[in-house]
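One file, run05.cif, is given below (mmCIF, C-alpha atoms).
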data_my_file
loop_
_atom_site.label_atom_id
_atom_site.label_comp_id
_atom_site.auth_asym_id
_atom_site.auth_seq_id
_atom_site.Cartn_x
_atom_site.Cartn_y
_atom_site.Cartn_z
CA MET K 33 -69.57 83.36 34.54
CA GLU K 34 -67.83 85.44 31.91
CA TYR K 35 -64.45 84.25 30.66
CA ILE K 36 -62.28 84.15 27.55
CA LYS K 37 -63.01 81.08 25.45
CA GLU K 38 -60.88 81.70 22.36
CA PRO K 39 -57.57 79.76 22.58
CA MET K 40 -55.28 82.17 20.64
CA GLU K 41 -56.55 85.12 22.70
CA ILE K 42 -55.78 83.23 25.94
CA GLU K 43 -52.22 82.46 24.80
CA GLU K 44 -51.53 85.99 23.56
CA ARG K 45 -52.80 87.60 26.77
CA SER K 46 -50.76 85.15 28.84
CA PHE K 47 -47.49 86.01 27.09
CA LYS K 48 -48.28 89.74 27.32
CA ILE K 49 -48.74 89.43 31.09
CA ILE K 50 -45.53 87.41 31.44
CA THR K 51 -43.52 89.97 29.45
CA GLU K 52 -44.96 92.83 31.51
CA GLU K 53 -44.23 91.14 34.83
CA LEU K 54 -40.68 90.25 33.81
CA GLY K 55 -40.18 94.04 33.67
CA ASP K 56 -36.49 94.89 33.45
CA LYS K 57 -35.46 91.29 32.81
CA VAL K 58 -34.73 91.20 29.10
CA PHE K 59 -33.40 88.15 27.24
CA GLU K 60 -31.95 87.42 23.82
CA GLU K 61 -35.02 86.95 21.60
CA ARG K 62 -34.98 83.17 21.16
CA GLU K 63 -33.83 82.45 24.70
CA GLY K 64 -36.62 84.73 25.91
CA LYS K 65 -39.14 82.61 24.01
CA ILE K 66 -37.94 79.50 25.83
CA ILE K 67 -37.94 81.12 29.27
CA LYS K 68 -41.37 82.70 28.78
CA ARG K 69 -42.85 79.37 27.69
CA ILE K 70 -41.46 77.73 30.83
CA ILE K 71 -43.10 80.46 32.92
CA HIS K 72 -46.31 80.06 30.90
CA THR K 73 -46.44 76.37 31.82
CA THR K 74 -45.50 76.75 35.51
CA ALA K 75 -46.66 80.27 36.48
CA ASP K 76 -43.36 80.41 38.31
CA PHE K 77 -41.16 83.45 37.59
CA GLU K 78 -38.20 81.91 39.41
CA PHE K 79 -37.42 80.13 36.13
CA ALA K 80 -36.30 83.50 34.72
CA ASP K 81 -33.38 83.37 37.15
CA ILE K 82 -32.49 79.66 37.18
CA THR K 83 -32.76 78.70 33.51
CA VAL K 84 -29.36 78.25 31.84
CA ILE K 85 -29.11 78.01 28.04
CA HIS K 86 -25.78 77.02 26.46
CA SER K 87 -24.77 79.50 23.72
CA ASP K 88 -24.92 76.77 21.03
CA ALA K 89 -28.15 75.18 22.27
CA VAL K 90 -30.77 76.98 20.17
CA GLU K 91 -28.84 76.69 16.88
CA ALA K 92 -28.03 73.02 17.41
CA ALA K 93 -31.59 72.20 18.45
CA LEU K 94 -33.10 73.97 15.44
CA GLU K 95 -30.70 72.14 13.11
CA ALA K 96 -31.72 68.79 14.63
CA LEU K 97 -35.45 69.59 14.61
CA ASN K 98 -35.32 70.92 11.04
CA GLY K 99 -33.64 67.68 10.01
CA GLY K 100 -36.47 65.51 11.34
CA CYS K 101 -34.67 64.10 14.37
CA ARG K 102 -35.39 61.54 17.07
CA ILE K 103 -36.06 62.83 20.57
CA TYR K 104 -35.77 60.64 23.67
CA THR K 105 -37.62 61.54 26.91
CA ASP K 106 -37.21 59.93 30.33
CA THR K 107 -40.93 60.05 31.14
CA LYS K 108 -44.21 59.42 29.38
CA MET K 109 -45.45 62.72 30.79
CA ALA K 110 -42.76 64.76 29.04
CA LEU K 111 -43.41 62.81 25.83
CA SER K 112 -47.10 63.47 26.22
CA GLY K 113 -46.60 67.25 26.60
CA ILE K 114 -44.66 67.64 23.35
CA ASN K 115 -46.86 69.09 20.58
CA LYS K 116 -47.48 66.13 18.25
CA LYS K 117 -48.93 68.21 15.41
CA LYS K 118 -45.77 70.32 15.22
CA LEU K 119 -43.58 67.24 15.71
CA THR K 120 -45.21 65.49 12.76
CA GLN K 121 -44.91 68.61 10.59
CA LEU K 122 -41.16 68.58 11.29
CA ASN K 123 -40.95 64.85 10.63
CA CYS K 124 -39.48 64.30 14.09
CA GLN K 125 -40.19 61.33 16.39
CA VAL K 126 -40.28 61.14 20.16
CA TYR K 127 -39.91 58.00 22.22
CA CYS K 128 -39.59 56.86 25.83
CA LEU K 129 -38.59 53.41 27.07
CA VAL K 130 -39.34 53.66 30.77
CA ASP K 131 -42.53 51.56 30.55
CA ASP K 132 -40.88 48.90 28.38
CA GLU K 133 -41.38 45.43 29.92
CA GLU K 134 -37.76 44.34 29.42
CA VAL K 135 -36.58 47.59 31.01
CA ALA K 136 -38.80 47.03 34.06
CA LYS K 137 -37.56 43.46 34.47
CA GLU K 138 -33.88 44.35 34.15
CA ALA K 139 -34.22 47.28 36.59
CA LYS K 140 -35.84 45.01 39.17
CA ASP K 141 -33.14 42.35 38.73
CA ARG K 142 -30.34 44.91 39.10
CA GLY K 143 -32.03 46.88 41.92
CA ILE K 144 -31.69 50.19 40.07
CA THR K 145 -34.14 52.69 38.62
CA ARG K 146 -35.97 51.91 35.38
CA SER K 147 -34.74 55.33 34.23
CA ILE K 148 -31.11 54.13 34.21
CA VAL K 149 -31.90 50.98 32.22
CA ALA K 150 -34.17 52.90 29.83
CA MET K 151 -31.42 55.46 29.22
CA GLU K 152 -28.80 52.73 28.62
CA LYS K 153 -31.14 51.21 26.06
CA ALA K 154 -31.86 54.58 24.44
CA LEU K 155 -28.12 55.22 24.12
CA THR K 156 -27.71 52.16 21.91
CA ASP K 157 -29.73 54.04 19.27
CA LYS K 158 -27.08 56.33 17.79
CA GLU K 159 -29.69 58.28 15.80
CA THR K 160 -31.11 60.12 18.81
CA LYS K 161 -30.22 63.82 18.58
CA ILE K 162 -32.12 65.37 21.48
CA PHE K 163 -32.49 64.03 25.03
CA VAL K 164 -35.12 65.39 27.40
CA ILE K 165 -34.45 64.34 31.00
CA ALA K 166 -37.21 65.93 33.02
CA ASN K 167 -37.58 63.71 36.06
CA ALA K 168 -34.89 61.16 36.76
CA PRO K 169 -31.50 62.39 37.97
CA THR K 170 -30.28 58.80 37.50
CA ALA K 171 -31.04 59.07 33.77
CA LEU K 172 -29.14 62.36 33.50
CA PHE K 173 -26.14 60.92 35.40
CA THR K 174 -26.13 57.92 33.03
CA LEU K 175 -26.25 60.18 29.97
CA CYS K 176 -23.47 62.44 31.31
CA GLN K 177 -21.21 59.43 31.94
CA GLN K 178 -21.64 58.28 28.34
CA MET K 179 -21.01 61.77 26.97
CA LYS K 180 -17.88 62.04 29.10
CA VAL K 181 -16.33 58.95 27.54
CA GLY K 182 -17.35 60.18 24.08
CA GLU K 183 -19.88 57.41 23.49
CA VAL K 184 -22.63 59.85 22.54
CA LYS K 185 -22.69 63.41 21.19
CA PRO K 186 -26.24 64.80 21.29
CA TYR K 187 -27.25 67.98 19.48
CA LEU K 188 -29.12 69.06 22.61
CA VAL K 189 -29.60 67.84 26.16
CA VAL K 190 -32.61 69.29 27.98
CA GLY K 191 -31.67 68.37 31.53
CA VAL K 192 -34.38 69.49 33.93
CA PRO K 193 -34.95 66.74 36.52
CA VAL K 194 -36.98 67.86 39.51
CA GLY K 195 -36.62 66.84 43.12
CA PHE K 196 -34.67 66.50 46.30
CA VAL K 197 -32.24 63.62 45.78
CA GLY K 198 -29.75 64.06 42.95
CA ALA K 199 -31.70 66.51 40.78
CA SER K 200 -29.57 69.54 41.54
CA GLU K 201 -26.34 67.49 41.53
CA SER K 202 -27.08 65.87 38.16
CA LYS K 203 -27.68 69.28 36.62
CA GLU K 204 -24.35 70.56 38.01
CA VAL K 205 -22.66 67.62 36.23
CA LEU K 206 -24.49 68.52 32.99
CA LEU K 207 -23.27 72.13 33.24
CA LYS K 208 -19.68 70.84 33.07
CA GLN K 209 -20.22 68.80 29.91
CA ASN K 210 -19.09 69.97 26.51
CA VAL K 211 -22.54 69.70 24.92
CA PRO K 212 -25.32 72.13 23.99
CA TYR K 213 -27.70 72.02 26.96
CA ILE K 214 -30.71 73.74 28.44
CA THR K 215 -31.12 73.29 32.18
CA VAL K 216 -32.47 74.90 35.34
CA LYS K 217 -30.32 75.21 38.42
CA GLY K 218 -31.46 73.74 41.73
CA ARG K 219 -34.34 71.43 42.53
CA LYS K 220 -37.03 72.67 40.16
CA GLY K 221 -37.88 71.31 36.71
CA GLY K 222 -40.14 68.46 35.63
CA SER K 223 -42.07 67.07 32.69
CA THR K 224 -44.03 70.24 31.94
CA VAL K 225 -40.78 72.25 31.86
CA GLY K 226 -39.06 69.71 29.58
CA ALA K 227 -41.98 69.65 27.16
CA ALA K 228 -42.28 73.47 27.19
CA ILE K 229 -38.63 73.81 26.14
CA ILE K 230 -39.04 71.44 23.16
CA ASN K 231 -42.31 73.13 22.15
CA ALA K 232 -40.73 76.61 22.34
CA LEU K 233 -37.91 75.43 20.07
CA MET K 234 -40.31 73.82 17.57
CA TYR K 235 -42.51 76.93 17.45
CA MET K 236 -39.47 78.94 16.29
CA ILE K 237 -39.61 77.01 13.00
CA GLU K 238 -42.27 78.36 10.61
CA MET L 265 -20.06 59.94 39.69
CA GLU L 266 -21.57 58.46 42.84
CA TYR L 267 -25.33 58.67 43.25
CA ILE L 268 -28.28 56.75 44.70
CA LYS L 269 -29.68 54.28 42.19
CA GLU L 270 -32.29 52.45 44.25
CA PRO L 271 -35.79 53.85 43.61
CA MET L 272 -37.38 53.29 47.05
CA GLU L 273 -34.38 54.86 48.77
CA ILE L 274 -34.68 57.94 46.52
CA GLU L 275 -38.37 58.35 47.35
CA GLU L 276 -37.91 57.81 51.11
CA ARG L 277 -35.05 60.32 51.31
CA SER L 278 -37.06 62.84 49.31
CA PHE L 279 -40.05 62.70 51.65
CA LYS L 280 -37.75 62.90 54.68
CA ILE L 281 -36.17 66.10 53.31
CA ILE L 282 -39.58 67.58 52.51
CA THR L 283 -40.89 66.84 56.03
CA GLU L 284 -37.76 68.36 57.59
CA GLU L 285 -37.92 71.50 55.50
CA LEU L 286 -41.62 72.00 56.19
CA GLY L 287 -40.52 72.41 59.83
CA ASP L 288 -43.32 73.82 61.93
CA LYS L 289 -45.91 73.36 59.21
CA VAL L 290 -47.85 70.31 60.30
CA PHE L 291 -50.88 68.92 58.48
CA GLU L 292 -53.61 66.39 59.16
CA GLU L 293 -52.02 63.06 58.21
CA ARG L 294 -53.78 62.33 54.93
CA GLU L 295 -53.82 65.97 53.81
CA GLY L 296 -50.09 66.08 54.57
CA LYS L 297 -49.53 63.13 52.26
CA ILE L 298 -51.21 65.00 49.42
CA ILE L 299 -49.34 68.24 50.04
CA LYS L 300 -45.96 66.50 50.37
CA ARG L 301 -46.50 64.60 47.12
CA ILE L 302 -47.26 67.89 45.34
CA ILE L 303 -44.02 69.33 46.73
CA HIS L 304 -42.18 66.13 45.74
CA THR L 305 -43.31 66.58 42.14
CA THR L 306 -42.67 70.34 41.89
CA ALA L 307 -39.86 71.03 44.41
CA ASP L 308 -41.94 74.09 45.27
CA PHE L 309 -42.76 74.61 48.95
CA GLU L 310 -45.24 77.38 48.13
CA PHE L 311 -47.79 74.59 47.62
CA ALA L 312 -47.81 74.07 51.40
CA ASP L 313 -49.46 77.49 51.69
CA ILE L 314 -51.75 77.57 48.65
CA THR L 315 -53.21 74.05 48.60
CA VAL L 316 -56.83 73.93 49.80
CA ILE L 317 -58.46 70.59 50.61
CA HIS L 318 -62.22 70.47 51.26
CA SER L 319 -62.98 68.64 54.53
CA ASP L 320 -64.93 65.91 52.68
CA ALA L 321 -62.46 65.53 49.81
CA VAL L 322 -60.26 62.67 51.07
CA GLU L 323 -63.14 60.51 52.29
CA ALA L 324 -65.18 61.00 49.12
CA ALA L 325 -62.17 60.37 46.89
CA LEU L 326 -61.22 57.17 48.70
CA GLU L 327 -64.81 55.93 48.45
CA ALA L 328 -64.83 56.57 44.70
CA LEU L 329 -61.38 55.05 44.14
CA ASN L 330 -62.18 52.00 46.26
CA GLY L 331 -65.30 51.50 44.17
CA GLY L 332 -63.38 51.31 40.90
CA CYS L 333 -64.43 54.69 39.51
CA ARG L 334 -63.94 56.62 36.27
CA ILE L 335 -61.62 59.60 36.33
CA TYR L 336 -61.69 62.33 33.68
CA THR L 337 -58.64 64.56 33.04
CA ASP L 338 -58.49 67.69 30.87
CA THR L 339 -55.03 66.87 29.47
CA LYS L 340 -53.15 63.85 28.20
CA MET L 341 -50.24 64.89 30.40
CA ALA L 342 -52.25 64.60 33.62
CA LEU L 343 -53.64 61.28 32.43
CA SER L 344 -50.13 60.12 31.65
CA GLY L 345 -48.84 61.01 35.14
CA ILE L 346 -51.42 58.92 36.98
CA ASN L 347 -49.94 55.61 38.20
CA LYS L 348 -51.48 52.99 35.89
CA LYS L 349 -50.40 50.00 37.97
CA LYS L 350 -52.21 51.34 41.02
CA LEU L 351 -55.17 52.44 38.89
CA THR L 352 -55.57 48.93 37.48
CA GLN L 353 -55.28 47.37 40.95
CA LEU L 354 -58.17 49.57 42.05
CA ASN L 355 -60.14 48.73 38.92
CA CYS L 356 -60.40 52.44 38.07
CA GLN L 357 -60.26 53.95 34.57
CA VAL L 358 -58.96 57.31 33.43
CA TYR L 359 -59.85 59.05 30.20
CA CYS L 360 -59.35 62.35 28.40
CA LEU L 361 -61.19 63.60 25.32
CA VAL L 362 -59.17 66.65 24.35
CA ASP L 363 -57.46 64.94 21.39
CA ASP L 364 -60.72 63.43 20.11
CA GLU L 365 -61.21 64.32 16.42
CA GLU L 366 -64.87 65.30 16.82
CA VAL L 367 -63.95 67.52 19.78
CA ALA L 368 -61.26 69.28 17.74
CA LYS L 369 -63.64 69.87 14.84
CA GLU L 370 -66.46 71.21 17.00
CA ALA L 371 -64.11 73.51 18.93
CA LYS L 372 -62.80 74.97 15.70
CA ASP L 373 -66.32 75.48 14.33
CA ARG L 374 -67.47 77.22 17.52
CA GLY L 375 -64.23 79.22 18.01
CA ILE L 376 -63.78 77.98 21.58
CA THR L 377 -61.17 75.84 23.35
CA ARG L 378 -61.11 72.09 22.80
CA SER L 379 -61.12 71.86 26.61
CA ILE L 380 -64.66 73.25 26.80
CA VAL L 381 -66.02 70.87 24.18
CA ALA L 382 -64.15 67.90 25.71
CA MET L 383 -65.60 68.73 29.14
CA GLU L 384 -69.13 69.06 27.72
CA LYS L 385 -68.72 65.63 26.18
CA ALA L 386 -67.26 64.14 29.38
CA LEU L 387 -70.23 65.50 31.34
CA THR L 388 -72.64 63.41 29.26
CA ASP L 389 -71.08 60.33 30.93
CA LYS L 390 -72.85 60.31 34.27
CA GLU L 391 -70.53 57.59 35.61
CA THR L 392 -67.52 59.87 36.04
CA LYS L 393 -66.80 60.35 39.74
CA ILE L 394 -63.54 62.30 39.76
CA PHE L 395 -62.56 65.22 37.54
CA VAL L 396 -58.95 66.40 37.27
CA ILE L 397 -58.70 69.83 35.66
CA ALA L 398 -55.02 70.64 35.63
CA ASN L 399 -54.57 73.03 32.74
CA ALA L 400 -57.64 74.57 31.21
CA PRO L 401 -59.55 77.21 33.20
CA THR L 402 -62.23 76.98 30.50
CA ALA L 403 -62.80 73.31 31.41
CA LEU L 404 -63.10 74.15 35.10
CA PHE L 405 -65.55 77.00 34.39
CA THR L 406 -67.64 74.61 32.27
CA LEU L 407 -67.67 71.98 35.02
CA CYS L 408 -68.58 74.55 37.70
CA GLN L 409 -71.51 75.82 35.61
CA GLN L 410 -72.89 72.29 35.31
CA MET L 411 -72.43 71.62 39.04
CA LYS L 412 -74.21 74.89 39.84
CA VAL L 413 -77.34 73.86 37.97
CA GLY L 414 -77.19 70.42 39.59
CA GLU L 415 -76.43 68.57 36.35
CA VAL L 416 -73.43 66.77 37.83
CA LYS L 417 -72.36 65.82 41.36
CA PRO L 418 -68.77 64.55 41.34
CA TYR L 419 -67.22 62.76 44.31
CA LEU L 420 -64.10 64.90 43.87
CA VAL L 421 -62.97 67.80 41.71
CA VAL L 422 -59.22 68.30 41.52
CA GLY L 423 -59.15 71.83 40.14
CA VAL L 424 -55.57 72.97 39.61
CA PRO L 425 -55.35 74.82 36.27
CA VAL L 426 -52.13 76.77 35.85
CA GLY L 427 -51.60 80.10 34.14
CA PHE L 428 -52.27 83.75 33.74
CA VAL L 429 -55.69 84.04 32.11
CA GLY L 430 -58.58 82.59 34.08
CA ALA L 431 -56.68 80.01 36.14
CA SER L 432 -56.92 81.85 39.45
CA GLU L 433 -60.49 83.03 38.71
CA SER L 434 -61.73 79.53 37.83
CA LYS L 435 -60.33 78.18 41.10
CA GLU L 436 -62.10 80.94 43.05
CA VAL L 437 -65.36 79.79 41.44
CA LEU L 438 -64.59 76.17 42.42
CA LEU L 439 -64.00 77.22 46.05
CA LYS L 440 -67.61 78.47 46.16
CA GLN L 441 -69.11 75.19 44.92
CA ASN L 442 -70.76 72.71 47.22
CA VAL L 443 -68.53 69.80 46.15
CA PRO L 444 -65.51 68.00 47.62
CA TYR L 445 -62.54 69.69 45.95
CA ILE L 446 -58.77 69.90 46.09
CA THR L 447 -57.32 73.08 44.61
CA VAL L 448 -54.40 75.50 44.81
CA LYS L 449 -55.01 79.22 45.09
CA GLY L 450 -53.53 81.60 42.54
CA ARG L 451 -51.80 80.93 39.24
CA LYS L 452 -49.86 77.75 40.01
CA GLY L 453 -50.91 74.15 39.33
CA GLY L 454 -50.60 71.99 36.23
CA SER L 455 -50.57 68.39 35.04
CA THR L 456 -47.87 67.17 37.41
CA VAL L 457 -49.78 68.63 40.38
CA GLY L 458 -53.07 67.08 39.26
CA ALA L 459 -51.50 63.66 38.79
CA ALA L 460 -49.64 63.88 42.12
CA ILE L 461 -52.91 64.50 43.97
CA ILE L 462 -54.59 61.43 42.43
CA ASN L 463 -51.50 59.29 43.06
CA ALA L 464 -51.29 60.43 46.71
CA LEU L 465 -54.95 59.45 47.19
CA MET L 466 -54.50 56.05 45.52
CA TYR L 467 -51.38 55.28 47.59
CA MET L 468 -53.50 55.69 50.76
CA ILE L 469 -55.33 52.49 49.77
CA GLU L 470 -53.38 49.34 50.65
#
Can you give me the file's structure in the form of structure tokens?
Amino acid sequence: MEYIKEPMEIEERSFKIITEELGDKVFEEREGKIIKRIIHTTADFEFADITVIHSDAVEAALEALNGGCRIYTDTKMALSGINKKKLTQLNCQVYCLVDDEEVAKEAKDRGITRSIVAMEKALTDKETKIFVIANAPTALFTLCQQMKVGEVKPYLVVGVPVGFVGASESKEVLLKQNVPYITVKGRKGGSTVGAAIINALMYMIE
Amino acid sequence: MEYIKEPMEIEERSFKIITEELGDKVFEEREGKIIKRIIHTTADFEFADITVIHSDAVEAALEALNGGCRIYTDTKMALSGINKKKLTQLNCQVYCLVDDEEVAKEAKDRGITRSIVAMEKALTDKETKIFVIANAPTALFTLCQQMKVGEVKPYLVVGVPVGFVGASESKEVLLKQNVPYITVKGRKGGSTVGAAIINALMYMIE
């Protein structure tokens, strides 16, 4: 079996193929980097059509990341996919409360998702600048409600929950918020997409 | 904003929608559970057409899982997506060596991916019964080479690397191996797909 074993060569070839197959679809340089990294992680070219990037999103995200910010994710998987080496270089921290014991207990008592309780808890930390909601529509709804009443003003909301119940609707609500966001329309999204967006943004910083 | 907040209701509705939209596509019961959980995690119905399940895969996997087996994953993300509560109930363990310091050093010295070195190291543990290769074609190629020479006989190989360089090719090699496998043809796959397959199998055990 003959195959390429050198990691940088694999990545370079991958992005070359993606750019070629996107053909006529051309993006603003930094937005293109985000969209191509999503396609790199999913092998799904539909993301070229459904990804929506707010005009302030890249600038605001880079300001937050350059300042060594706190990032909150709704799942351990999204947290796990964020490049820790780059994160440490930038002096940023990422956290996720969904597996917290108190969160689990409160969610059970109230008969609601752990994602809602975890998000409520995360929102009490006013230092969080970037939210990555990659799975739970309920977490994105909770965040949008708090933004609406002015309780929280993130630098960036990556809102890419995946699924069949509430995912699409929660992203439509996000699109109406006055906040820098990156989202994908419809049902698709997920942890790998959320992590790819944060990684693409971090890789823009030398 | 009105939305469903009760986790079991969200999951039930999701699977009902997926079954409805699959329409005429009907699967063997346990294979259907795997395919629907992949669609649940990706919102991508293409997986109904590209998922390939070896006829011995479900039986062999359930035997291994019921016996409290070791599972090896090629990424921390796939490891992170596997339901730990269920895993502990079954007395199974999951591990991943890709972030191991020795692995990183050796990969750098040899100019190859950490995934290859991590897989080589994992293969020295003869107790591993299930391999989940969700990202790195190089890891799947390495595993297939060792299976070919009879060095390792897993109960199940979940081979679902995603991407543009080697992913599809490595899965074609897996399809030719005499081993119970679950794979998806072509470029698609990834950590969420790998974890969904293991979770679907574990949920079959009461």
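You will find CA of Glu152 (chain K) at 18.8 Å from CA of Gln125 (chain K).
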From the list L:Ala386, L:Val422, L:Val416, L:Ala368, the nearest residue to Ser455 (chain L) using all atoms listed in the file is L:Val422
Write out as JSON, numbers by chain which residues come within 6 Å of region 68-83 of chain K when counting only C-alpha atoms, dropping same-chain ones fewer than 4 positions away.
-> {"K": [64, 215, 216, 217, 225, 228], "L": [427, 451, 452]}
When distances are computed from all atoms listed in the file, which of K:Lys208, K:Lys117, K:Lys158, K:Arg142 shows the smallest separation from Cys101 (chain K)?
->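 Using all atoms listed in the file, Cys101 (chain K) sits closest to K:Lys158.
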When the cut-off is 6 Å and we count all atoms listed in the file, which residues of chain K are near chain L, given as an mmCIF file with C-alpha atoms, in the coordinates of the input?
data_model
loop_
_atom_site.group_PDB
_atom_site.id
_atom_site.type_symbol
_atom_site.label_atom_id
_atom_site.label_comp_id
_atom_site.auth_asym_id
_atom_site.auth_seq_id
_atom_site.Cartn_x
_atom_site.Cartn_y
_atom_site.Cartn_z
ATOM 1 C CA LYS K 37 -63.010 81.080 25.450
ATOM 2 C CA GLU K 38 -60.880 81.700 22.360
ATOM 3 C CA PRO K 39 -57.570 79.760 22.580
ATOM 4 C CA SER K 46 -50.760 85.150 28.840
ATOM 5 C CA ALA K 75 -46.660 80.270 36.480
ATOM 6 C CA MET K 109 -45.450 62.720 30.790
ATOM 7 C CA SER K 112 -47.100 63.470 26.220
ATOM 8 C CA GLY K 113 -46.600 67.250 26.600
ATOM 9 C CA ILE K 144 -31.690 50.190 40.070
ATOM 10 C CA THR K 145 -34.140 52.690 38.620
ATOM 11 C CA GLY K 195 -36.620 66.840 43.120
ATOM 12 C CA PHE K 196 -34.670 66.500 46.300
ATOM 13 C CA ARG K 219 -34.340 71.430 42.530
ATOM 14 C CA LYS K 220 -37.030 72.670 40.160
#
Atomic separation - CA of Leu329 (chain L) relative to CA of Pro418 (chain L), Å =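 Result for CA of Pro418 (chain L) versus CA of Leu329 (chain L): 12.4 Å, one decimal.
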Work out how far apart CA of Thr156 (chain K) and CA of Val181 (chain K) are and give it in Å to one decimal.
->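 Taking CA of Thr156 (chain K) as the start and CA of Val181 (chain K) as the end point, the length is 14.4 Å.
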